[in-house]
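Asks: Following this line is start_9.cif, made up of mmCIF, C-alpha atoms and all ligand atoms:
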```
data_start
loop_
_atom_site.label_atom_id
_atom_site.label_comp_id
_atom_site.auth_asym_id
_atom_site.auth_seq_id
_atom_site.Cartn_x
_atom_site.Cartn_y
_atom_site.Cartn_z
CA MET A 1 -0.05 16.62 -25.06
CA SER A 2 3.12 16.08 -22.97
CA LEU A 3 2.95 16.68 -19.24
CA SER A 4 5.54 18.88 -17.57
CA SER A 5 5.59 16.93 -14.31
CA ARG A 6 7.75 13.94 -13.38
CA ILE A 7 6.63 10.40 -12.74
CA GLY A 8 8.35 7.67 -10.75
CA PHE A 9 7.72 3.93 -10.58
CA TRP A 10 8.30 2.06 -7.33
CA GLY A 11 8.82 -1.35 -8.90
CA THR A 12 9.86 -2.12 -12.49
CA GLY A 13 7.97 -5.33 -13.19
CA ASN A 14 5.41 -6.28 -15.86
CA MET A 15 2.83 -3.63 -15.02
CA ALA A 16 5.32 -0.75 -14.62
CA LYS A 17 7.02 -1.67 -17.89
CA ALA A 18 3.69 -1.76 -19.76
CA MET A 19 2.76 1.67 -18.41
CA ILE A 20 6.17 3.19 -19.10
CA ARG A 21 6.24 1.86 -22.69
CA GLY A 22 2.75 3.34 -23.24
CA LEU A 23 3.68 6.69 -21.67
CA ILE A 24 6.71 7.03 -23.94
CA ALA A 25 4.91 5.78 -27.07
CA ASN A 26 1.98 8.15 -26.48
CA GLU A 27 4.41 11.00 -25.66
CA VAL A 28 2.69 11.69 -22.33
CA PHE A 29 6.15 11.94 -20.73
CA SER A 30 9.58 11.95 -22.32
CA ALA A 31 11.92 9.20 -21.13
CA GLU A 32 13.91 11.77 -19.07
CA GLN A 33 10.78 12.61 -17.04
CA ILE A 34 10.34 8.98 -15.96
CA SER A 35 12.27 7.32 -13.12
CA CYS A 36 12.10 3.87 -11.61
CA ILE A 37 13.49 1.69 -8.87
CA SER A 38 13.36 -2.06 -8.27
CA LYS A 39 14.23 -4.32 -5.37
CA SER A 40 17.33 -5.82 -6.93
CA GLY A 41 18.25 -2.69 -8.88
CA THR A 42 18.93 -4.93 -11.87
CA SER A 43 15.49 -4.87 -13.53
CA SER A 44 15.27 -1.08 -13.24
CA GLN A 45 18.78 -0.60 -14.64
CA LEU A 46 18.19 -2.97 -17.55
CA PHE A 47 14.87 -1.33 -18.39
CA ALA A 48 16.39 2.15 -18.10
CA ALA A 49 19.15 1.13 -20.51
CA GLU A 50 16.53 -0.14 -22.95
CA THR A 51 14.16 2.84 -22.83
CA GLY A 52 16.24 5.88 -21.78
CA ILE A 53 14.32 6.41 -18.52
CA ARG A 54 16.28 6.95 -15.28
CA SER A 55 16.99 4.17 -12.82
CA LEU A 56 17.45 5.64 -9.34
CA LYS A 57 19.30 4.25 -6.33
CA ASN A 58 16.47 4.13 -3.82
CA HIS A 59 13.01 5.27 -2.79
CA THR A 60 14.34 8.47 -1.17
CA GLU A 61 15.66 9.71 -4.51
CA LEU A 62 12.47 8.61 -6.24
CA ILE A 63 10.11 10.33 -3.78
CA SER A 64 12.13 13.55 -3.73
CA GLU A 65 11.77 14.12 -7.44
CA CYS A 66 8.35 12.87 -8.54
CA ASP A 67 5.02 14.60 -8.81
CA TYR A 68 3.35 11.27 -9.62
CA LEU A 69 4.48 8.16 -7.78
CA VAL A 70 3.23 4.81 -9.09
CA LEU A 71 3.20 1.98 -6.55
CA ALA A 72 3.98 -1.00 -8.82
CA PHE A 73 5.20 -3.65 -6.40
CA LYS A 74 3.09 -6.56 -5.13
CA PRO A 75 0.28 -5.77 -2.66
CA PHE A 76 1.85 -7.81 0.19
CA GLN A 77 4.94 -5.56 0.04
CA LEU A 78 2.97 -2.62 1.46
CA GLU A 79 3.59 -3.95 4.94
CA THR A 80 7.31 -4.59 4.28
CA LEU A 81 7.71 -1.03 2.97
CA LYS A 82 5.61 0.56 5.71
CA ALA A 83 8.39 2.78 7.12
CA GLU A 84 9.58 3.95 3.68
CA LEU A 85 6.04 4.78 2.51
CA LYS A 86 5.52 7.11 5.49
CA SER A 87 7.91 9.58 3.84
CA VAL A 88 5.94 9.78 0.59
CA THR A 89 4.95 13.41 0.03
CA CYS A 90 4.39 13.34 -3.73
CA LYS A 91 1.50 15.23 -5.29
CA THR A 92 -0.26 12.07 -6.40
CA VAL A 93 0.24 8.45 -5.42
CA LEU A 94 -1.15 6.11 -8.03
CA SER A 95 -1.55 2.53 -6.93
CA VAL A 96 -1.91 -0.41 -9.33
CA LEU A 97 -1.91 -2.86 -6.39
CA ALA A 98 -4.73 -5.31 -7.08
CA GLY A 99 -7.48 -5.38 -4.46
CA THR A 100 -5.89 -2.73 -2.23
CA LYS A 101 -8.47 -0.26 -0.95
CA LEU A 102 -8.10 3.52 -0.73
CA GLU A 103 -8.41 3.38 3.05
CA LYS A 104 -5.39 1.08 3.23
CA LEU A 105 -3.40 3.14 0.73
CA ASN A 106 -4.11 6.33 2.69
CA HIS A 107 -3.05 4.56 5.87
CA TYR A 108 0.31 3.55 4.37
CA CYS A 109 0.89 6.91 2.58
CA PRO A 110 -0.49 9.42 5.10
CA LYS A 111 1.45 12.39 3.69
CA ALA A 112 0.56 11.96 0.01
CA GLN A 113 -1.50 14.86 -1.31
CA SER A 114 -3.88 12.59 -3.21
CA VAL A 115 -4.12 8.84 -3.52
CA ILE A 116 -5.63 7.08 -6.51
CA ARG A 117 -6.55 3.40 -6.67
CA THR A 118 -6.46 1.86 -10.11
CA MET A 119 -7.23 -1.55 -11.56
CA PRO A 120 -5.59 -2.19 -14.92
CA ASN A 121 -5.89 -5.43 -16.92
CA THR A 122 -3.34 -7.44 -18.90
CA PRO A 123 -4.23 -6.25 -22.44
CA GLY A 124 -2.74 -2.98 -21.15
CA ARG A 125 0.58 -4.58 -22.10
CA ILE A 126 -0.27 -3.85 -25.74
CA GLY A 127 -2.14 -0.60 -25.06
CA GLU A 128 -5.53 -2.35 -25.39
CA GLY A 129 -6.45 -2.57 -21.72
CA ILE A 130 -9.17 -0.95 -19.69
CA THR A 131 -8.28 0.64 -16.36
CA ALA A 132 -10.73 1.73 -13.68
CA TYR A 133 -9.73 4.31 -11.10
CA CYS A 134 -11.19 5.88 -7.99
CA SER A 135 -10.12 8.38 -5.36
CA ASN A 136 -11.37 9.52 -2.00
CA ALA A 137 -11.91 13.13 -2.89
CA SER A 138 -13.19 14.50 -6.18
CA LEU A 139 -10.18 15.56 -8.23
CA PRO A 140 -9.65 19.04 -9.65
CA GLU A 141 -10.31 19.02 -13.42
CA THR A 142 -6.63 19.50 -14.42
CA GLU A 143 -5.49 16.67 -12.14
CA LYS A 144 -8.23 14.41 -13.51
CA THR A 145 -7.19 15.16 -17.10
CA GLU A 146 -3.51 14.46 -16.33
CA LEU A 147 -4.34 11.27 -14.47
CA GLU A 148 -6.51 9.96 -17.31
CA GLN A 149 -3.75 10.81 -19.78
CA ILE A 150 -1.32 8.73 -17.69
CA LEU A 151 -3.70 5.78 -17.38
CA ALA A 152 -4.51 5.94 -21.10
CA SER A 153 -0.98 4.61 -21.63
CA LEU A 154 -2.60 1.20 -21.02
CA GLY A 155 -5.76 1.74 -23.11
CA ASP A 156 -9.27 2.89 -22.12
CA VAL A 157 -9.93 4.56 -18.77
CA VAL A 158 -13.07 4.64 -16.64
CA ALA A 159 -13.72 6.51 -13.38
CA ILE A 160 -15.83 4.50 -10.95
CA ASN A 161 -16.88 4.58 -7.30
CA GLU A 162 -14.75 2.33 -5.11
CA PRO A 163 -17.58 -0.13 -4.26
CA LEU A 164 -17.74 -1.00 -7.99
CA MET A 165 -14.07 -2.06 -8.03
CA ASP A 166 -14.94 -5.66 -7.13
CA VAL A 167 -17.31 -6.14 -10.05
CA PHE A 168 -14.90 -4.28 -12.35
CA THR A 169 -12.17 -6.68 -11.24
CA ALA A 170 -14.46 -9.67 -11.91
CA VAL A 171 -15.41 -8.44 -15.40
CA ALA A 172 -12.30 -6.65 -16.71
CA GLY A 173 -9.44 -7.75 -14.46
CA SER A 174 -10.27 -11.46 -14.72
CA GLY A 175 -12.14 -11.10 -18.02
CA PRO A 176 -9.12 -11.66 -20.30
CA ALA A 177 -8.68 -15.10 -18.69
CA TYR A 178 -12.28 -16.04 -19.54
CA VAL A 179 -11.69 -14.96 -23.12
CA PHE A 180 -8.40 -16.90 -23.34
CA GLU A 181 -10.25 -19.94 -22.03
CA PHE A 182 -12.95 -19.43 -24.68
CA ILE A 183 -10.27 -19.22 -27.42
CA ALA A 184 -8.68 -22.43 -26.14
CA ALA A 185 -12.09 -24.16 -26.01
CA LEU A 186 -12.99 -23.03 -29.55
CA ALA A 187 -9.62 -24.24 -30.85
CA GLU A 188 -9.94 -27.55 -29.02
CA ALA A 189 -13.42 -28.10 -30.45
CA GLY A 190 -12.19 -27.26 -33.97
CA GLU A 191 -9.32 -29.69 -33.55
CA THR A 192 -11.59 -32.46 -32.24
CA GLU A 193 -13.88 -31.91 -35.23
CA GLY A 194 -11.02 -32.30 -37.70
CA LEU A 195 -8.86 -29.17 -38.03
CA PRO A 196 -5.06 -29.52 -37.69
CA PRO A 197 -4.08 -28.22 -34.17
CA ASP A 198 -2.05 -25.15 -35.25
CA MET A 199 -4.67 -24.16 -37.77
CA ALA A 200 -7.46 -24.61 -35.21
CA LEU A 201 -5.68 -22.27 -32.79
CA SER A 202 -4.96 -19.52 -35.32
CA ILE A 203 -8.52 -19.71 -36.66
CA ALA A 204 -9.93 -19.43 -33.11
CA LYS A 205 -7.62 -16.49 -32.22
CA GLN A 206 -8.47 -14.55 -35.39
CA THR A 207 -12.19 -15.25 -35.00
CA ILE A 208 -12.24 -13.80 -31.47
CA PHE A 209 -9.96 -10.92 -32.46
CA GLY A 210 -12.10 -10.06 -35.50
CA ALA A 211 -15.38 -10.37 -33.61
CA ALA A 212 -14.05 -8.20 -30.74
CA ALA A 213 -12.77 -5.57 -33.18
CA LEU A 214 -16.13 -5.57 -34.99
CA ALA A 215 -18.04 -5.33 -31.69
CA LYS A 216 -15.87 -2.40 -30.60
CA GLY A 217 -15.75 -0.59 -33.94
CA SER A 218 -19.26 -1.00 -35.32
CA GLY A 219 -21.14 0.68 -32.49
CA GLU A 220 -23.81 -2.06 -32.74
CA HIS A 221 -24.86 -4.05 -29.68
CA PRO A 222 -23.28 -7.55 -29.70
CA GLU A 223 -26.76 -9.09 -29.84
CA VAL A 224 -27.45 -7.21 -33.09
CA LEU A 225 -24.12 -8.41 -34.52
CA ARG A 226 -24.95 -11.95 -33.36
CA ASP A 227 -28.30 -11.81 -35.13
CA GLN A 228 -26.59 -10.62 -38.33
CA VAL A 229 -24.63 -13.92 -38.39
CA THR A 230 -27.67 -16.04 -37.56
CA SER A 231 -30.20 -17.17 -40.13
CA LYS A 232 -33.20 -19.19 -39.09
CA GLY A 233 -32.45 -22.90 -39.28
CA GLY A 234 -28.79 -22.25 -40.22
CA THR A 235 -25.46 -23.38 -38.76
CA THR A 236 -25.05 -20.50 -36.26
CA ALA A 237 -28.60 -21.00 -34.98
CA ALA A 238 -27.81 -24.67 -34.40
CA GLY A 239 -24.71 -23.72 -32.41
CA LEU A 240 -26.43 -20.95 -30.43
CA ASP A 241 -29.25 -23.34 -29.50
CA VAL A 242 -26.69 -25.56 -27.80
CA MET A 243 -25.23 -22.55 -25.94
CA ALA A 244 -28.72 -21.62 -24.71
CA GLU A 245 -29.50 -25.21 -23.67
CA GLY A 246 -26.21 -25.26 -21.73
CA LYS A 247 -27.22 -21.97 -20.01
CA PHE A 248 -24.15 -20.15 -21.33
CA ARG A 249 -25.27 -16.75 -19.97
CA GLN A 250 -25.98 -18.21 -16.54
CA LEU A 251 -22.53 -19.80 -16.57
CA ILE A 252 -20.89 -16.46 -17.36
CA HIS A 253 -22.95 -14.76 -14.67
CA ASN A 254 -21.86 -17.39 -12.12
CA THR A 255 -18.26 -16.92 -13.25
CA VAL A 256 -18.39 -13.15 -12.68
CA LYS A 257 -20.23 -13.59 -9.38
CA ALA A 258 -17.58 -16.00 -8.08
CA ALA A 259 -14.73 -13.68 -9.08
CA LYS A 260 -16.52 -10.70 -7.49
CA SER A 261 -17.05 -12.59 -4.21
CA ARG A 262 -13.38 -13.56 -4.19
CA SER A 263 -12.37 -9.94 -4.79
CA ILE A 264 -14.55 -8.82 -1.85
CA GLU A 265 -13.03 -11.52 0.38
CA MET A 266 -9.47 -10.60 -0.62
CA GLY A 267 -10.09 -6.92 0.08
CA LYS A 268 -10.98 -7.62 3.72
N1 LIG B 301 0.53 -7.95 -14.13
C1 LIG B 301 -0.73 -7.60 -14.31
O1 LIG B 301 -1.34 -7.87 -15.32
C2 LIG B 301 -1.47 -6.79 -13.26
C3 LIG B 301 -2.81 -6.46 -13.43
C4 LIG B 301 -3.44 -5.66 -12.46
C5 LIG B 301 -2.72 -5.22 -11.35
N2 LIG B 301 -1.41 -5.60 -11.21
C6 LIG B 301 -0.68 -5.13 -10.02
O2 LIG B 301 0.54 -4.58 -10.43
C7 LIG B 301 1.50 -4.73 -9.38
C8 LIG B 301 2.80 -5.23 -9.96
O3 LIG B 301 2.57 -6.46 -10.61
P1 LIG B 301 3.63 -7.03 -11.64
O4 LIG B 301 2.97 -8.13 -12.36
O5 LIG B 301 4.24 -5.90 -12.41
O6 LIG B 301 4.73 -7.60 -10.61
P2 LIG B 301 6.26 -7.96 -10.86
O7 LIG B 301 6.51 -8.17 -12.33
O8 LIG B 301 6.62 -9.04 -9.90
O9 LIG B 301 7.05 -6.63 -10.44
C9 LIG B 301 7.15 -6.18 -9.12
C10 LIG B 301 8.26 -5.14 -9.08
O10 LIG B 301 8.36 -4.61 -7.76
C11 LIG B 301 9.73 -4.52 -7.41
N3 LIG B 301 9.90 -4.48 -5.97
C12 LIG B 301 9.57 -5.42 -5.06
N4 LIG B 301 9.92 -5.01 -3.82
C13 LIG B 301 10.50 -3.81 -3.96
C14 LIG B 301 11.13 -2.91 -3.08
N5 LIG B 301 11.22 -3.17 -1.77
N6 LIG B 301 11.62 -1.74 -3.57
C15 LIG B 301 11.56 -1.48 -4.89
N7 LIG B 301 10.99 -2.31 -5.79
C16 LIG B 301 10.48 -3.46 -5.33
C17 LIG B 301 10.36 -5.74 -8.04
O11 LIG B 301 11.77 -5.60 -8.09
P3 LIG B 301 12.69 -6.72 -8.80
O12 LIG B 301 12.49 -6.53 -10.28
O13 LIG B 301 14.07 -6.42 -8.37
O14 LIG B 301 12.18 -8.05 -8.31
C18 LIG B 301 9.66 -5.71 -9.41
O15 LIG B 301 10.34 -4.85 -10.29
C19 LIG B 301 0.88 -5.71 -8.37
O16 LIG B 301 0.53 -5.01 -7.22
C20 LIG B 301 -0.34 -6.26 -9.07
O17 LIG B 301 -1.39 -6.48 -8.17
C21 LIG B 301 -0.78 -6.36 -12.12
#
```
What would the structure in this file look like if it were written as structure tokens?

Replies:
Amino acid sequence: MSLSSRIGFWGTGNMAKAMIRGLIANEVFSAEQISCISKSGTSSQLFAAETGIRSLKNHTELISECDYLVLAFKPFQLETLKAELKSVTCKTVLSVLAGTKLEKLNHYCPKAQSVIRTMPNTPGRIGEGITAYCSNASLPETEKTELEQILASLGDVVAINEPLMDVFTAVAGSGPAYVFEFIAALAEAGETEGLPPDMALSIAKQTIFGAAALAKGSGEHPEVLRDQVTSKGGTTAAGLDVMAEGKFRQLIHNTVKAAKSRSIEMGK
């Protein structure tokens, strides 16, 4: 279902582009309903020429015409743009600024009617992300539906309470990096054990992709799927024994814990 409102992007970098591509592809907004600005003006103009969206001159034009305003610059730029943000009166301000709390967003955008904090992740670039969002007040049902439709441009959407944002960041925000590291490790091991390097990498990528697709699509718990690959005394059991001896689960827990602590620290 297309929305009748207008959406503007303050910043036209990687995250804004991923969202805009998803919004157009999913027909949530037509290109004419989407506007953007960038610091240089060049990235917004180039992207507008590529997609048919509108590149505007400045934030004043952007604010005056949007119902939804997406803050898609870097978090440290909040302070630089302090004066400009004071004039934001849009219906909904949607922030993708990593680690930036609602309290801070409300402080910088005091006139916005509602402020939403979101945390997308990088697979959103291909529409396979997962985005968490939270807001100070509970949203009216229509606004919630529209918001989730917008965020679905990046993949799955989950509403959470703000205190859970740190653990979400540690699992889903940083999670793709853990998986990329696992792919690299699997490929490296395959190569060391005799596979040609290119072949080792494509085998590792497809194995993770296939296993993730199966885990998502089958509805079975990953432990059930794991057991389906594992026969007593077989090759998988031999490999899994080594993972258990190396305390693989503890390692992953420590990884998530460290990322969560860092997220808490950075939010202060
Ligand atoms: N990338 C990710 O995977 C990811 C994941 C989660 C959250 N995020 C969040 O998404 C936000 C954007 O990240 P990104 O990777 O898209 O950054 P990026 O590629 O560096 O893009 C930042 C954009 O902001 C624009 N900008 C900077 N100052 C501006 C100003 N004064 N007025 C107008 N536009 C301005 C830049 O303009 P120019 O093009 O002219 O430089 C650029 O288009 C960050 O807050 C980040 O925390 C990103």

Asks: Within 8 Å of ligand LIG 301 (chain B), which residues of chain A come that close, and what is the closest atom pair and distance in Å for each? Count all atoms listed in the file and give it as a Markdown table.

Replies:
```
| residue | atom | partner | partner_atom | distance |
| --- | --- | --- | --- | --- |
| A:Trp10 | CA | B:LIG301 | N7 | 5.4 |
| A:Gly11 | CA | B:LIG301 | O10 | 3.5 |
| A:Thr12 | CA | B:LIG301 | O15 | 3.5 |
| A:Gly13 | CA | B:LIG301 | O9 | 3.2 |
| A:Asn14 | CA | B:LIG301 | O5 | 3.7 |
| A:Met15 | CA | B:LIG301 | O5 | 3.7 |
| A:Ala16 | CA | B:LIG301 | O5 | 5.7 |
| A:Lys17 | CA | B:LIG301 | O5 | 7.5 |
| A:Ile37 | CA | B:LIG301 | C15 | 5.4 |
| A:Ser38 | CA | B:LIG301 | N7 | 3.4 |
| A:Lys39 | CA | B:LIG301 | O13 | 3.7 |
| A:Ser40 | CA | B:LIG301 | O13 | 3.6 |
| A:Gly41 | CA | B:LIG301 | O13 | 5.6 |
| A:Thr42 | CA | B:LIG301 | O13 | 6.2 |
| A:Ser43 | CA | B:LIG301 | O12 | 4.7 |
| A:Ser44 | CA | B:LIG301 | O12 | 6.8 |
| A:Asn58 | CA | B:LIG301 | C15 | 7.5 |
| A:His59 | CA | B:LIG301 | N6 | 7.2 |
| A:Leu71 | CA | B:LIG301 | C7 | 7.5 |
| A:Ala72 | CA | B:LIG301 | C7 | 4.5 |
| A:Phe73 | CA | B:LIG301 | O10 | 3.6 |
| A:Lys74 | CA | B:LIG301 | O16 | 3.7 |
| A:Pro75 | CA | B:LIG301 | O16 | 4.6 |
| A:Gln77 | CA | B:LIG301 | N4 | 6.3 |
| A:Thr80 | CA | B:LIG301 | N5 | 7.3 |
| A:Leu81 | CA | B:LIG301 | N5 | 6.3 |
| A:Ser95 | CA | B:LIG301 | O16 | 7.8 |
| A:Val96 | CA | B:LIG301 | C6 | 4.9 |
| A:Leu97 | CA | B:LIG301 | O16 | 3.4 |
| A:Ala98 | CA | B:LIG301 | O17 | 3.7 |
| A:Gly99 | CA | B:LIG301 | O17 | 7.2 |
| A:Met119 | CA | B:LIG301 | C4 | 5.7 |
| A:Pro120 | CA | B:LIG301 | C4 | 4.8 |
| A:Asn121 | CA | B:LIG301 | C3 | 4.8 |
| A:Thr122 | CA | B:LIG301 | O1 | 4.1 |
| A:Pro123 | CA | B:LIG301 | O1 | 7.9 |
| A:Gly124 | CA | B:LIG301 | O1 | 7.7 |
| A:Arg125 | CA | B:LIG301 | O1 | 7.8 |
| A:Gly173 | CA | B:LIG301 | C4 | 6.7 |
```

Asks: Smallest atom-to-atom distance to Ile160 in chain A: which of A:Gln250, A:Ser261, A:Ser138, A:Ser35, using only C-alpha atoms?

Replies: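 Of the candidates, the smallest distance to Ile160 in chain A is held by A:Ser138.
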
Asks: Which neighbours of Ala259 in chain A fall inside 12 Å, counting only C-alpha atoms, when residues of the same chain fewer than 3 positions from it are skipped, and could you give them as a ChimeraX atom specification?

Replies: /A:99,165-175,177-178,252-256,262-266

Asks: Please return as a ChimeraX atom specification every residue within 12 Å of (-5.5, 14.6, -13.2), taking into account all atoms listed in the file and the file's own coordinates.

Replies: /A:3,5,67-68,91-94,114-116,133-135,138-152,159

Asks: Compile the contact shell of range 220-226 of chain A as a list in words: residues with an atom at most 10 Å away, counting all atoms listed in the file, same-chain residues fewer than 5 positions apart removed.

Replies: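 After dropping sequence-adjacent residues, the list is Ala211, Ala212, Leu214, Ala215, Thr236, Ala237 and Leu240 of chain A.
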
Asks: Report, in Å with one decimal, the straight-line distance from CA of Ala18 in chain A to CA of Gly267 in chain A.

Replies: 24.7 Å
